[in-house]
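**Student:** Shown below is the structure under consideration.
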Amino acid sequence: MTNLDTLLTALYVFCDDHVIGRRRIGRPPLLSDAELLCLSIAQVLLEFPRERHWIRYAHKHLRHLFPYIPGQSGYGKRLRAAGPLIAKAIRKLAEVTETGVPALMLIDSTPVPCGMSRETAKRSDLAGDAGYGYCASHSRYFWGMRLYLVATVEGMPITWCLAHPKLDERDVMAALLEVDHHLVTTGQVILADKGFAGADFEKFLDDLGVHLVRP
């Protein structure tokens with residue numbers, strides 16, 4: 001527990017200095033954005049998949065670090081609204097976290113099924129963003145999105161995005177790397193599977209000074 005206290009204290013200072021940026025206008029919330037980020041990261045580190053169980057644990061064991069901890073409903077609403085902040089926190093942590101093989105990055109995509117029935121596909125709020133796609137690994141179609149990920153060899157996420165499953169994997173990854181090109185340095189080696197094979201994609205990486213290794 002002492003190590004967790006030290007980690008969360010250091011994480012709070014990091015988030016407050018490098019992630020939060022401009023403060024909210026008006027009365028500050030009882031749980032600050034930096035504290036919310038720390039709580040959400042601690043939930044993952046301590047492997048609590050359900051918010052209800054996590055909030056119960058936090059109320060019992062972490063009140064000395066967080067003077068105010070909201071209930072399950074309030075925590076869930078804040079957490080879902082903090083998506084951009086969580087993404088920024090992970091990117092900032094990736095920039096300062098040393099990796100065992102800094103010259104090598106991994107890229108891949110994976111299906112994120114959001115529903116199976118036709119009725120769900122017609123009525124879902126994700127209609128338009130999500131769609132039908134094919135998962136070669138499981139030899140089946142799915143309705144949902146694809147998650148694209150750039151990571152270190154240890155599995156530390158560097159950047160990612162969700163995209164319509166009918167979009168070409170190479171086009172989506174090229175757009176992702178173009179937006180976050182500052183995360184990719186000249187001389188970098190990127191390891192990918194055969195789904196990213198293509199002359200245009202390889203030329204795009206060559207222009208960035210990146211070498212693609214694939215089957």
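Chain labels A, B, ... are given in the sequence in which chains occur in the structure tokens; within each chain residues are numbered consecutively from 1, and ligands are likewise numbered from 1 in the order shown.
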Using backbone DSSP assignments, extract all strand (DSSP E or B) residues from chain A; output them as a PyMOL selection string.
**Tutor:** chain A and resi 104-115+127+130-135+140-152+157-163+189-191+211-213
**Student:** Using only C-alpha atoms, which protein or nucleic acid residues come within 10 Å of A:His53? Drop anything in the same chain fewer than 4 positions from it, and give the result as a PDB file with N, CA and C atoms, in the first residue's frame.
**Tutor:**
```pdb
ATOM      1  N   GLN A  43      -7.560   2.093 -10.494  1.00  0.00           N
ATOM      2  CA  GLN A  43      -8.559   1.055 -10.739  1.00  0.00           C
ATOM      3  C   GLN A  43      -8.014  -0.019 -11.670  1.00  0.00           C
ATOM      4  N   PHE A  48      -9.709  -3.799 -10.938  1.00  0.00           N
ATOM      5  CA  PHE A  48     -11.127  -3.731 -10.589  1.00  0.00           C
ATOM      6  C   PHE A  48     -11.924  -3.415 -11.855  1.00  0.00           C
ATOM      7  N   PRO A  49     -12.468  -4.419 -12.548  1.00  0.00           N
ATOM      8  CA  PRO A  49     -13.201  -4.142 -13.787  1.00  0.00           C
ATOM      9  C   PRO A  49     -14.537  -3.446 -13.571  1.00  0.00           C
ATOM     10  N   TYR A  57     -14.086  -0.141  -2.737  1.00  0.00           N
ATOM     11  CA  TYR A  57     -12.709  -0.324  -2.264  1.00  0.00           C
ATOM     12  C   TYR A  57     -12.044   1.024  -1.996  1.00  0.00           C
ATOM     13  N   ALA A  58     -12.226   1.967  -2.915  1.00  0.00           N
ATOM     14  CA  ALA A  58     -11.583   3.279  -2.772  1.00  0.00           C
ATOM     15  C   ALA A  58     -12.077   4.009  -1.529  1.00  0.00           C
ATOM     16  N   GLN A  72     -20.763   5.650  -7.299  1.00  0.00           N
ATOM     17  CA  GLN A  72     -20.550   4.939  -8.560  1.00  0.00           C
ATOM     18  C   GLN A  72     -21.081   5.720  -9.747  1.00  0.00           C
TER      19      GLN A  72
END
```
**Student:** What is the distance, in Å and to one decimal place, between atom CA of A:Ala121 and atom CA of A:Met145?
**Tutor:**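 Between atom CA of A:Ala121 and atom CA of A:Met145 the gap works out to 11.8 Å.
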**Student:** When you look at stretch 148-150 of chain A with a cut-off of 9 Å (counting only C-alpha atoms), what residues show up, excluding the ones that are within fewer than 6 positions of it in the same chain? I need them as an mmCIF file with C-alpha atoms, in the first residue's frame.
**Tutor:**
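Output contents, as saved in around_28.cif:
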```cif
data_model
loop_
_atom_site.group_PDB
_atom_site.id
_atom_site.type_symbol
_atom_site.label_atom_id
_atom_site.label_comp_id
_atom_site.auth_asym_id
_atom_site.auth_seq_id
_atom_site.Cartn_x
_atom_site.Cartn_y
_atom_site.Cartn_z
ATOM 1 C CA MET A 105 7.522 -0.008 -32.151
ATOM 2 C CA LEU A 106 4.632 -2.380 -32.783
ATOM 3 C CA ILE A 107 1.484 -1.594 -34.789
ATOM 4 C CA ASP A 108 -1.649 -3.692 -35.095
ATOM 5 C CA SER A 109 -5.436 -3.550 -35.251
ATOM 6 C CA THR A 110 -8.122 -5.691 -33.680
ATOM 7 C CA MET A 156 2.948 0.468 -23.483
ATOM 8 C CA PRO A 157 0.299 2.216 -25.642
ATOM 9 C CA ILE A 158 1.760 5.202 -27.470
ATOM 10 C CA THR A 159 -1.218 6.237 -29.580
ATOM 11 C CA TRP A 160 -4.404 4.624 -30.843
ATOM 12 C CA CYS A 161 -7.760 5.253 -32.501
ATOM 13 C CA LEU A 162 -11.076 3.581 -33.329
ATOM 14 C CA ALA A 163 -12.201 3.444 -36.959
ATOM 15 C CA GLU A 169 -5.920 -0.717 -42.272
ATOM 16 C CA VAL A 172 -6.063 4.421 -40.969
ATOM 17 C CA MET A 173 -2.603 3.710 -39.552
ATOM 18 C CA LEU A 176 -2.806 8.009 -37.109
ATOM 19 C CA LEU A 177 0.969 8.246 -37.523
#
```
**Student:** Smallest atom-to-atom distance to A:Leu8: which of A:Arg118, A:Lys77, A:His64, A:Arg123, using only C-alpha atoms?
**Tutor:**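 Ranked by minimum distance to A:Leu8, first place goes to A:His64.
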